[in-house]
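Colleague: Structure provided below as structure tokens; questions to follow.
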Amino acid sequence: MKRSDLINSLKNKHKYLSYNEAEALVSLVFKEISSSLIQGGRAELRGFGSFSVRIRGARTARNPRTGEKIEVSAKKMPYFRAGKKLYKFLNE
């Protein structure tokens, strides 16, 4: 599902919303999740799952083309963990 599909689904289920209003709602949800992660927090959507940030440590990698060793610095990675309801729904 793409972002535009989500907007259209929201608009079709709630006829009183215009496309622009549905788009604003979807953008607001993504923006709030992103800002929570940027601040080092987490975002939990009960029944769906939670988003958090994990720190990937610095490491030595290898360029597959040249075989040269490269130092890769530590970085923050987004992490999603499915909730119990979503996990159960997927595995029925």
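By convention here, the chains of the structure tokens are called A, B, ... in the order presented, each chain's residues are numbered starting at 1, and ligands are numbered starting at 1 in the order presented.
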Residues of region 6-53 of chain A that approach region 57-77 of chain A to 10 Å or less, counting only C-alpha atoms: could you list each one with the shortest pair of atoms and its distance in Å to one decimal, rows by chain and increasing residue number, as JSON lines?
Modeller:
{"residue": "A:Leu37", "atom": "CA", "partner": "A:Met77", "partner_atom": "CA", "distance": 9.9}
{"residue": "A:Ile38", "atom": "CA", "partner": "A:Lys76", "partner_atom": "CA", "distance": 9.5}
{"residue": "A:Gly40", "atom": "CA", "partner": "A:Lys76", "partner_atom": "CA", "distance": 9.7}
{"residue": "A:Ser52", "atom": "CA", "partner": "A:Met77", "partner_atom": "CA", "distance": 8.5}
{"residue": "A:Val53", "atom": "CA", "partner": "A:Met77", "partner_atom": "CA", "distance": 5.6}
Colleague: Based on the backbone DSSP call, show me all residues of region 43-91 of chain A assigned strand (DSSP E), as a ChimeraX atom specification.
Modeller: /A:43-45,49-56,59-62,69-72,75-82
Colleague: Keeping only C-alpha atoms, write those residues as a PDB file, in the first residue's frame.
Modeller:
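To be explicit, this is the file written out as result20.pdb:
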ATOM      1  CA  ALA A  43       5.737   5.834  18.926  1.00  0.00           C
ATOM      2  CA  GLU A  44       3.292   3.126  19.937  1.00  0.00           C
ATOM      3  CA  LEU A  45       0.100   2.363  18.033  1.00  0.00           C
ATOM      4  CA  GLY A  49       2.991  -2.007  16.742  1.00  0.00           C
ATOM      5  CA  SER A  50       5.658   0.359  17.946  1.00  0.00           C
ATOM      6  CA  PHE A  51       8.359   2.377  16.240  1.00  0.00           C
ATOM      7  CA  SER A  52      11.660   3.061  17.972  1.00  0.00           C
ATOM      8  CA  VAL A  53      15.269   3.938  17.196  1.00  0.00           C
ATOM      9  CA  ARG A  54      18.168   1.531  17.504  1.00  0.00           C
ATOM     10  CA  ILE A  55      21.799   2.568  17.347  1.00  0.00           C
ATOM     11  CA  ARG A  56      23.960   0.557  15.005  1.00  0.00           C
ATOM     12  CA  ARG A  59      32.144  -1.209  12.190  1.00  0.00           C
ATOM     13  CA  THR A  60      34.661  -2.094   9.525  1.00  0.00           C
ATOM     14  CA  ALA A  61      33.005  -2.976   6.223  1.00  0.00           C
ATOM     15  CA  ARG A  62      34.384  -4.091   2.888  1.00  0.00           C
ATOM     16  CA  LYS A  69      38.202  -2.009   4.002  1.00  0.00           C
ATOM     17  CA  ILE A  70      36.061   0.967   4.962  1.00  0.00           C
ATOM     18  CA  GLU A  71      35.243   2.363   8.404  1.00  0.00           C
ATOM     19  CA  VAL A  72      31.490   2.887   8.783  1.00  0.00           C
ATOM     20  CA  LYS A  75      24.167   5.510  12.990  1.00  0.00           C
ATOM     21  CA  LYS A  76      20.591   5.518  14.162  1.00  0.00           C
ATOM     22  CA  MET A  77      18.203   3.095  12.482  1.00  0.00           C
ATOM     23  CA  PRO A  78      14.394   3.060  12.659  1.00  0.00           C
ATOM     24  CA  TYR A  79      12.965  -0.146  14.100  1.00  0.00           C
ATOM     25  CA  PHE A  80       9.397  -1.474  13.978  1.00  0.00           C
ATOM     26  CA  ARG A  81       8.023  -4.173  16.221  1.00  0.00           C
ATOM     27  CA  ALA A  82       4.601  -5.596  15.377  1.00  0.00           C
TER      28      ALA A  82
END
Colleague: I need the residue nearest Ser4 (chain A) from this list: A:Ile33, A:Leu28, A:Leu86, A:Ala22. Use only C-alpha atoms for the distance.
Modeller: A:Ala22
Colleague: If you run DSSP on the backbone, which residues of chain A are helix (DSSP H, G or I), as number ranges by chain?
Modeller: A: 3-13, 19-38, 84-90
Colleague: Kindly save the residues from that selection, with C-alpha atoms included, as a PDB file, in the first residue's frame.
Modeller:
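That gives us again.pdb:
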ATOM      1  CA  ARG A   3       0.696   6.679   0.821  1.00  0.00           C
ATOM      2  CA  SER A   4      -1.806   7.750  -1.853  1.00  0.00           C
ATOM      3  CA  ASP A   5      -3.712   4.459  -1.379  1.00  0.00           C
ATOM      4  CA  LEU A   6      -3.952   5.161   2.346  1.00  0.00           C
ATOM      5  CA  ILE A   7      -5.245   8.677   1.674  1.00  0.00           C
ATOM      6  CA  ASN A   8      -7.852   7.400  -0.806  1.00  0.00           C
ATOM      7  CA  SER A   9      -8.960   4.656   1.587  1.00  0.00           C
ATOM      8  CA  LEU A  10      -9.408   7.167   4.398  1.00  0.00           C
ATOM      9  CA  LYS A  11     -11.302   9.522   2.077  1.00  0.00           C
ATOM     10  CA  ASN A  12     -13.605   6.737   0.840  1.00  0.00           C
ATOM     11  CA  LYS A  13     -14.410   5.441   4.327  1.00  0.00           C
ATOM     12  CA  TYR A  19      -8.816  14.595  -0.384  1.00  0.00           C
ATOM     13  CA  ASN A  20      -6.768  17.486   1.036  1.00  0.00           C
ATOM     14  CA  GLU A  21      -8.093  16.885   4.557  1.00  0.00           C
ATOM     15  CA  ALA A  22      -7.338  13.150   4.352  1.00  0.00           C
ATOM     16  CA  GLU A  23      -3.864  13.940   3.036  1.00  0.00           C
ATOM     17  CA  ALA A  24      -3.303  16.377   5.913  1.00  0.00           C
ATOM     18  CA  LEU A  25      -4.343  13.714   8.449  1.00  0.00           C
ATOM     19  CA  VAL A  26      -1.987  11.093   7.013  1.00  0.00           C
ATOM     20  CA  SER A  27       0.850  13.630   6.853  1.00  0.00           C
ATOM     21  CA  LEU A  28       0.221  14.650  10.460  1.00  0.00           C
ATOM     22  CA  VAL A  29       0.405  11.048  11.701  1.00  0.00           C
ATOM     23  CA  PHE A  30       3.680  10.392   9.853  1.00  0.00           C
ATOM     24  CA  LYS A  31       5.118  13.725  10.980  1.00  0.00           C
ATOM     25  CA  GLU A  32       4.315  13.029  14.646  1.00  0.00           C
ATOM     26  CA  ILE A  33       5.820   9.530  14.494  1.00  0.00           C
ATOM     27  CA  SER A  34       8.948  10.926  12.816  1.00  0.00           C
ATOM     28  CA  SER A  35       9.380  13.784  15.289  1.00  0.00           C
ATOM     29  CA  SER A  36       8.995  11.386  18.219  1.00  0.00           C
ATOM     30  CA  LEU A  37      11.756   9.178  16.794  1.00  0.00           C
ATOM     31  CA  ILE A  38      14.010  12.162  16.072  1.00  0.00           C
ATOM     32  CA  LYS A  84       0.288  -8.785  19.368  1.00  0.00           C
ATOM     33  CA  LYS A  85      -2.923  -8.185  17.396  1.00  0.00           C
ATOM     34  CA  LEU A  86      -1.088  -7.581  14.119  1.00  0.00           C
ATOM     35  CA  TYR A  87       1.192 -10.563  14.706  1.00  0.00           C
ATOM     36  CA  LYS A  88      -1.815 -12.771  15.464  1.00  0.00           C
ATOM     37  CA  PHE A  89      -3.706 -11.489  12.414  1.00  0.00           C
ATOM     38  CA  LEU A  90      -0.755 -12.225  10.095  1.00  0.00           C
TER      39      LEU A  90
END
